[in-house]
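Source file: my_file33.csv. Holds: CSV, C-alpha atoms and all ligand atoms.
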chain,number,residue,atom,x,y,z
A,1,MET,CA,21.4,-9.6,6.8
A,2,ALA,CA,22.4,-11.2,3.5
A,3,GLN,CA,20.0,-12.3,0.8
A,4,PRO,CA,18.6,-15.8,1.8
A,5,VAL,CA,19.5,-18.7,-0.3
A,6,LEU,CA,16.3,-20.0,-1.9
A,7,GLN,CA,15.5,-22.6,-4.5
A,8,LEU,CA,13.5,-21.0,-7.2
A,9,GLN,CA,11.5,-22.3,-10.1
A,10,LYS,CA,10.6,-19.8,-12.8
A,11,LEU,CA,6.8,-19.6,-13.3
A,12,LEU,CA,6.3,-16.5,-15.5
A,13,ASP,CA,8.9,-14.8,-17.6
A,14,GLU,CA,9.2,-11.1,-18.6
A,15,LYS,CA,7.6,-11.6,-22.0
A,16,LYS,CA,4.6,-13.4,-20.7
A,17,ILE,CA,4.0,-10.8,-18.0
A,18,ALA,CA,4.4,-7.9,-20.4
A,19,SER,CA,2.0,-9.3,-22.9
A,20,ARG,CA,-0.7,-10.1,-20.2
A,21,ILE,CA,-0.3,-6.6,-18.8
A,22,LYS,CA,-1.0,-5.0,-22.2
A,23,GLU,CA,-4.2,-7.1,-22.4
A,24,MET,CA,-5.3,-6.1,-18.9
A,25,ALA,CA,-4.6,-2.4,-19.7
A,26,GLN,CA,-6.7,-2.6,-22.8
A,27,GLU,CA,-9.6,-4.0,-20.9
A,28,ILE,CA,-9.3,-1.3,-18.2
A,29,THR,CA,-9.0,1.5,-20.8
A,30,LYS,CA,-12.2,0.2,-22.5
A,31,GLN,CA,-14.0,-0.1,-19.2
A,32,LEU,CA,-13.1,3.5,-18.3
A,33,GLY,CA,-14.6,4.9,-21.6
A,34,GLY,CA,-12.6,8.0,-21.5
A,35,GLU,CA,-13.1,8.8,-17.8
A,36,GLU,CA,-10.3,9.8,-15.4
A,37,LEU,CA,-8.8,7.4,-12.9
A,38,ILE,CA,-7.0,7.5,-9.6
A,39,ALA,CA,-4.6,4.5,-9.8
A,40,VAL,CA,-3.7,3.3,-6.3
A,41,CYS,CA,-0.5,1.3,-5.8
A,42,VAL,CA,-0.8,-1.1,-2.9
A,43,LEU,CA,2.7,-1.0,-1.4
A,44,LYS,CA,5.1,-2.5,-1.3
A,45,GLY,CA,4.8,-5.5,-3.5
A,46,SER,CA,2.8,-4.0,-6.4
A,47,PHE,CA,5.2,-1.2,-7.3
A,48,VAL,CA,6.7,-3.0,-10.3
A,49,PHE,CA,3.4,-4.3,-11.7
A,50,TYR,CA,1.8,-0.9,-11.0
A,51,SER,CA,4.4,1.0,-13.0
A,52,ASP,CA,4.1,-1.3,-15.9
A,53,LEU,CA,0.3,-1.4,-15.9
A,54,ILE,CA,-0.4,2.3,-15.6
A,55,ARG,CA,2.0,3.0,-18.5
A,56,CYS,CA,-0.2,0.8,-20.7
A,57,ILE,CA,-3.5,2.3,-19.7
A,58,ASP,CA,-4.7,5.0,-22.1
A,59,ALA,CA,-6.6,7.4,-19.8
A,60,ASP,CA,-6.0,10.5,-17.7
A,61,ILE,CA,-4.5,9.0,-14.5
A,62,ARG,CA,-3.5,10.4,-11.2
A,63,THR,CA,-1.2,8.2,-9.2
A,64,ASP,CA,-1.5,7.5,-5.4
A,65,PHE,CA,0.0,5.0,-2.9
A,66,ILE,CA,-1.4,3.1,0.0
A,67,GLY,CA,0.4,0.8,2.4
A,68,THR,CA,-0.8,-2.2,4.3
A,69,SER,CA,0.9,-4.9,6.3
A,70,SER,CA,-0.2,-8.3,7.4
A,71,TYR,CA,2.8,-10.5,6.7
A,72,GLY,CA,5.8,-9.0,8.5
A,73,ASN,CA,8.7,-11.3,7.6
A,74,ALA,CA,6.6,-14.4,7.4
A,75,THR,CA,5.4,-16.4,4.4
A,76,LYS,CA,1.9,-16.8,5.8
A,77,SER,CA,-0.6,-13.9,6.5
A,78,SER,CA,-1.1,-13.0,10.1
A,79,GLY,CA,-4.8,-12.4,9.2
A,80,GLU,CA,-4.8,-8.9,10.6
A,81,VAL,CA,-4.5,-6.1,8.1
A,82,LYS,CA,-3.3,-2.6,9.1
A,83,LEU,CA,-3.1,0.6,7.1
A,84,THR,CA,0.5,1.8,7.2
A,85,LEU,CA,0.2,4.6,4.7
A,86,ASP,CA,-2.9,6.5,3.5
A,87,LEU,CA,-3.7,8.1,0.2
A,88,THR,CA,-2.9,11.8,-0.5
A,89,HIS,CA,-5.9,12.4,-2.9
A,90,ALA,CA,-9.6,12.6,-1.9
A,91,ILE,CA,-11.4,9.9,-3.9
A,92,GLN,CA,-15.0,11.1,-3.5
A,93,GLY,CA,-16.9,10.7,-6.8
A,94,LYS,CA,-13.7,9.4,-8.6
A,95,ASN,CA,-12.9,6.1,-10.4
A,96,VAL,CA,-10.3,4.3,-8.4
A,97,LEU,CA,-8.2,1.3,-9.5
A,98,LEU,CA,-6.6,-0.6,-6.7
A,99,VAL,CA,-3.5,-2.3,-8.0
A,100,GLU,CA,-2.3,-5.3,-5.9
A,101,ASP,CA,0.6,-7.7,-6.6
A,102,ILE,CA,-1.1,-10.8,-5.4
A,103,VAL,CA,-4.4,-11.8,-3.8
A,104,ASP,CA,-3.8,-14.7,-1.4
A,105,THR,CA,-6.4,-14.9,1.4
A,106,GLY,CA,-8.1,-11.8,0.0
A,107,LEU,CA,-8.1,-10.1,3.4
A,108,THR,CA,-5.9,-7.2,2.3
A,109,MET,CA,-8.1,-6.3,-0.7
A,110,GLU,CA,-11.3,-6.8,1.3
A,111,PHE,CA,-10.0,-4.4,3.9
A,112,LEU,CA,-8.9,-1.8,1.4
A,113,HIS,CA,-12.1,-2.1,-0.6
A,114,LYS,CA,-14.1,-1.4,2.6
A,115,THR,CA,-11.8,1.4,3.8
A,116,LEU,CA,-12.0,3.2,0.4
A,117,GLN,CA,-15.7,2.5,-0.2
A,118,ALA,CA,-16.4,4.5,3.0
A,119,ARG,CA,-15.0,7.6,1.2
A,120,SER,CA,-17.7,7.5,-1.5
A,121,PRO,CA,-15.8,7.0,-4.7
A,122,LYS,CA,-17.7,6.7,-8.0
A,123,ARG,CA,-16.4,3.2,-8.5
A,124,ILE,CA,-13.6,1.0,-7.2
A,125,TYR,CA,-12.0,-1.4,-9.7
A,126,SER,CA,-9.2,-3.8,-8.7
A,127,ALA,CA,-6.4,-5.4,-10.6
A,128,ALA,CA,-4.1,-8.1,-9.3
A,129,CYS,CA,-1.0,-9.4,-11.1
A,130,LEU,CA,-1.5,-12.8,-9.4
A,131,PHE,CA,-4.5,-14.6,-7.8
A,132,LYS,CA,-4.3,-17.7,-5.6
A,133,PRO,CA,-7.8,-19.1,-5.8
A,134,GLU,CA,-7.0,-22.0,-3.4
A,135,ALA,CA,-5.8,-19.7,-0.7
A,136,LEU,CA,-8.9,-17.4,-0.8
A,137,LYS,CA,-10.6,-17.0,2.6
A,138,THR,CA,-13.0,-14.2,1.6
A,139,LYS,CA,-15.4,-13.7,-1.3
A,140,TYR,CA,-13.1,-11.2,-2.8
A,141,LYS,CA,-12.2,-11.6,-6.5
A,142,PRO,CA,-10.3,-8.8,-8.3
A,143,ASP,CA,-11.9,-7.4,-11.5
A,144,TYR,CA,-8.8,-7.9,-13.5
A,145,ILE,CA,-6.4,-10.8,-12.9
A,146,GLY,CA,-3.0,-11.3,-14.6
A,147,PHE,CA,-2.4,-14.9,-13.8
A,148,GLU,CA,-3.8,-17.6,-11.4
A,149,VAL,CA,-1.2,-19.5,-9.4
A,150,GLY,CA,-1.3,-22.4,-7.0
A,151,ASN,CA,-1.1,-22.1,-3.3
A,152,GLU,CA,2.7,-21.6,-3.2
A,153,PHE,CA,4.9,-18.8,-2.1
A,154,VAL,CA,6.2,-16.8,-5.0
A,155,VAL,CA,8.8,-14.0,-5.4
A,156,GLY,CA,10.1,-11.6,-8.0
A,157,TYR,CA,8.5,-8.8,-10.1
A,158,GLY,CA,8.0,-6.8,-6.9
A,159,LEU,CA,7.2,-9.7,-4.6
A,160,ASP,CA,9.7,-10.3,-1.8
A,161,TYR,CA,11.0,-12.7,0.7
A,162,GLN,CA,12.4,-10.9,3.8
A,163,GLY,CA,12.7,-7.7,1.6
A,164,TYR,CA,14.8,-9.5,-1.1
A,165,PHE,CA,14.0,-10.7,-4.6
A,166,ARG,CA,11.7,-7.8,-5.5
A,167,ASN,CA,14.1,-6.9,-8.4
A,168,LEU,CA,13.9,-10.3,-10.2
A,169,PRO,CA,12.4,-9.4,-13.6
A,170,TYR,CA,10.4,-12.7,-13.6
A,171,ILE,CA,8.0,-14.5,-11.1
A,172,ALA,CA,9.3,-17.6,-9.4
A,173,GLN,CA,7.9,-20.2,-7.1
A,174,VAL,CA,10.0,-20.8,-3.9
A,175,THR,CA,10.6,-24.6,-3.8
A,176,SER,CA,12.6,-24.6,-0.6
A,177,LEU,CA,13.3,-22.2,2.1
A,178,ASN,CA,16.7,-22.6,3.7
B,1,LIG,P1,-3.8,-11.5,1.3
B,1,LIG,O1,-4.3,-10.4,2.3
B,1,LIG,O2,-4.6,-11.6,0.1
B,1,LIG,O3,-3.7,-12.8,2.1
B,1,LIG,O4,-2.3,-11.1,1.0
B,1,LIG,C1,-1.9,-10.1,0.3
B,1,LIG,C2,-0.5,-9.7,0.5
B,1,LIG,O5,0.3,-10.8,1.0
B,1,LIG,C3,0.1,-9.4,-0.9
B,1,LIG,O6,0.0,-8.1,-1.2
B,1,LIG,C4,1.6,-9.8,-0.7
B,1,LIG,O7,2.3,-8.7,-0.2
B,1,LIG,C5,1.5,-10.9,0.3
B,1,LIG,N1,1.6,-12.2,-0.3
B,1,LIG,C6,0.6,-13.1,-0.5
B,1,LIG,N2,1.0,-14.2,-1.1
B,1,LIG,C7,2.4,-14.0,-1.3
B,1,LIG,C8,3.4,-14.8,-2.0
B,1,LIG,O8,3.2,-15.9,-2.5
B,1,LIG,N3,4.6,-14.2,-2.1
B,1,LIG,C9,4.9,-13.0,-1.6
B,1,LIG,N4,6.1,-12.5,-1.7
B,1,LIG,N5,4.0,-12.2,-1.0
B,1,LIG,C10,2.7,-12.7,-0.8

Could you render the structure from this file as structure tokens?
Amino acid sequence: MAQPVLQLQKLLDEKKIASRIKEMAQEITKQLGGEELIAVCVLKGSFVFYSDLIRCIDADIRTDFIGTSSYGNATKSSGEVKLTLDLTHAIQGKNVLLVEDIVDTGLTMEFLHKTLQARSPKRIYSAACLFKPEALKTKYKPDYIGFEVGNEFVVGYGLDYQGYFRNLPYIAQVTSLN
């Protein structure tokens, strides 16, 4: 399968993303007050944001990865979230930071929060690069938000369409799907 032809409109460039990430990381560093953190990358979409964010947080960090799926190849959530990969670290009594690319309906983060809360961490924080308030179907709001966006499908900076476009260094809105 070749990369689909999409019409893209740039929403957030590299500079804007980098400077917002620095601000978020400073807030997270301050909140931690010198305590250790397990930073959890929610695969796959957050791997780019995650790697930039954790390198700006000034704390002792252990990295871990968790996988969920709800979209398949579609642009709308199926509404059913499944765990496709679990953590390797025990999180009991630990500070956990869930790092997500985008919160859309909020179902993924609600599911992950519940799943990890059952393992008795000290505290779960959450950071999302993007937040779509108009699409929210739950009461979930991340503690740290990079940018709010409208109810549009976006790609780039880790976010894909059919597996492509994750390597775009900026975030773009898809204006038409061919
Ligand atoms: P939620 O469970 O909040 O509805 O959706 C979370 C997941 O859906 C995100 O982690 C992301 O993988 C995917 N998603 C939601 N909105 C978008 C979007 O606009 N673009 C892309 N590429 N993925 C999205």

Q. Excluding same-chain residues fewer than 6 positions from range 135-150 of chain A, what lies within 7 Å of it counting all atoms listed in the file, as number ranges by chain?
A. A: 20-21, 24, 104-107, 110, 125-129

At a cut-off of 7 Å, can you tabulate as a tab-separated table every residue of chain A near ligand LIG 1 (chain B) together with its closest atom pair and the distance in Å to one decimal, using all atoms listed in the file and ordering rows by chain then number?
residue	atom	partner	partner_atom	distance
A:Lys44	CA	B:LIG1	O7	6.9
A:Gly45	CA	B:LIG1	O7	5.2
A:Ser70	CA	B:LIG1	O1	6.9
A:Tyr71	CA	B:LIG1	O5	6.2
A:Thr75	CA	B:LIG1	C7	6.9
A:Ser77	CA	B:LIG1	O3	5.5
A:Glu100	CA	B:LIG1	O6	5.9
A:Asp101	CA	B:LIG1	O6	5.4
A:Ile102	CA	B:LIG1	C3	4.9
A:Val103	CA	B:LIG1	O2	3.9
A:Asp104	CA	B:LIG1	O2	3.5
A:Thr105	CA	B:LIG1	O3	3.5
A:Gly106	CA	B:LIG1	O2	3.5
A:Leu107	CA	B:LIG1	O1	4.0
A:Thr108	CA	B:LIG1	O1	3.6
A:Met109	CA	B:LIG1	O1	6.3
A:Glu152	CA	B:LIG1	O8	5.8
A:Phe153	CA	B:LIG1	O8	3.4
A:Val154	CA	B:LIG1	O8	4.0
A:Val155	CA	B:LIG1	N4	4.8
A:Leu159	CA	B:LIG1	N4	4.2
A:Asp160	CA	B:LIG1	N4	4.2
A:Tyr161	CA	B:LIG1	N4	5.5

Q. Hey, which of A:Leu11, A:Ala18, A:Leu116, A:Ile28 ends up closest to Leu83 in chain A? Count all atoms listed in the file.
A. A:Leu116

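Nearest-residue note for Val99 in chain A: choosing from A:Ala25, A:Val42, A:Leu130, A:Ile171, the minimum distance belongs to A:Val42, counting all atoms listed in the file.
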
(Q) Show me, as a count of residues only, the residues that have an atom within 12 Å of Val96 in chain A when counting all atoms listed in the file, minus same-chain residues fewer than 4 positions from it. (A) 33

Q | Which residue of A:Gly93, A:Tyr157, A:Lys22, A:Phe111 approaches Ala172 in chain A most closely, using all atoms listed in the file | A | A:Tyr157

Q.
Within 9 Å of (1.0, -3.4, 8.4) in the file's own coordinates, which protein, DNA or RNA residues have an atom, counting all atoms listed in the file? List them as a ChimeraX atom specification.
A. /A:67-72,80-85

Q) For Tyr50 in chain A, which residue out of A:Gln173, A:Leu6, A:Leu98, A:Phe165 is the nearest one, using only C-alpha atoms? A) A:Leu98

Q) Just how far from CA of Glu27 in chain A is CA of Phe49 in chain A, in Å to one decimal? A)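 According to the coordinates, CA of Phe49 in chain A and CA of Glu27 in chain A are separated by 15.9 Å.
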
Q. Suppose you want the space between CA of Thr175 in chain A and CA of Gln9 in chain A; what is it in Å?
A.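 These two atoms are separated by 6.8 Å.
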
**Q.** Residue with smallest distance to Asp52 in chain A - pool A:Ile17, A:Leu168, A:Met1, A:Leu177, counting only C-alpha atoms
**A.** A:Ile17

Q. From the set A:Asp58, A:Asp86, A:Pro169, A:Lys132, which residue has the shortest atom-to-atom contact distance to Leu43 in chain A, counting all atoms listed in the file?
A. A:Asp86

Q.
Report, in Å with one decimal, the straight-line distance from CA of Leu8 in chain A to CA of Phe47 in chain A.
A.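 Taking CA of Leu8 in chain A as the start and CA of Phe47 in chain A as the end point, the length is 21.5 Å.
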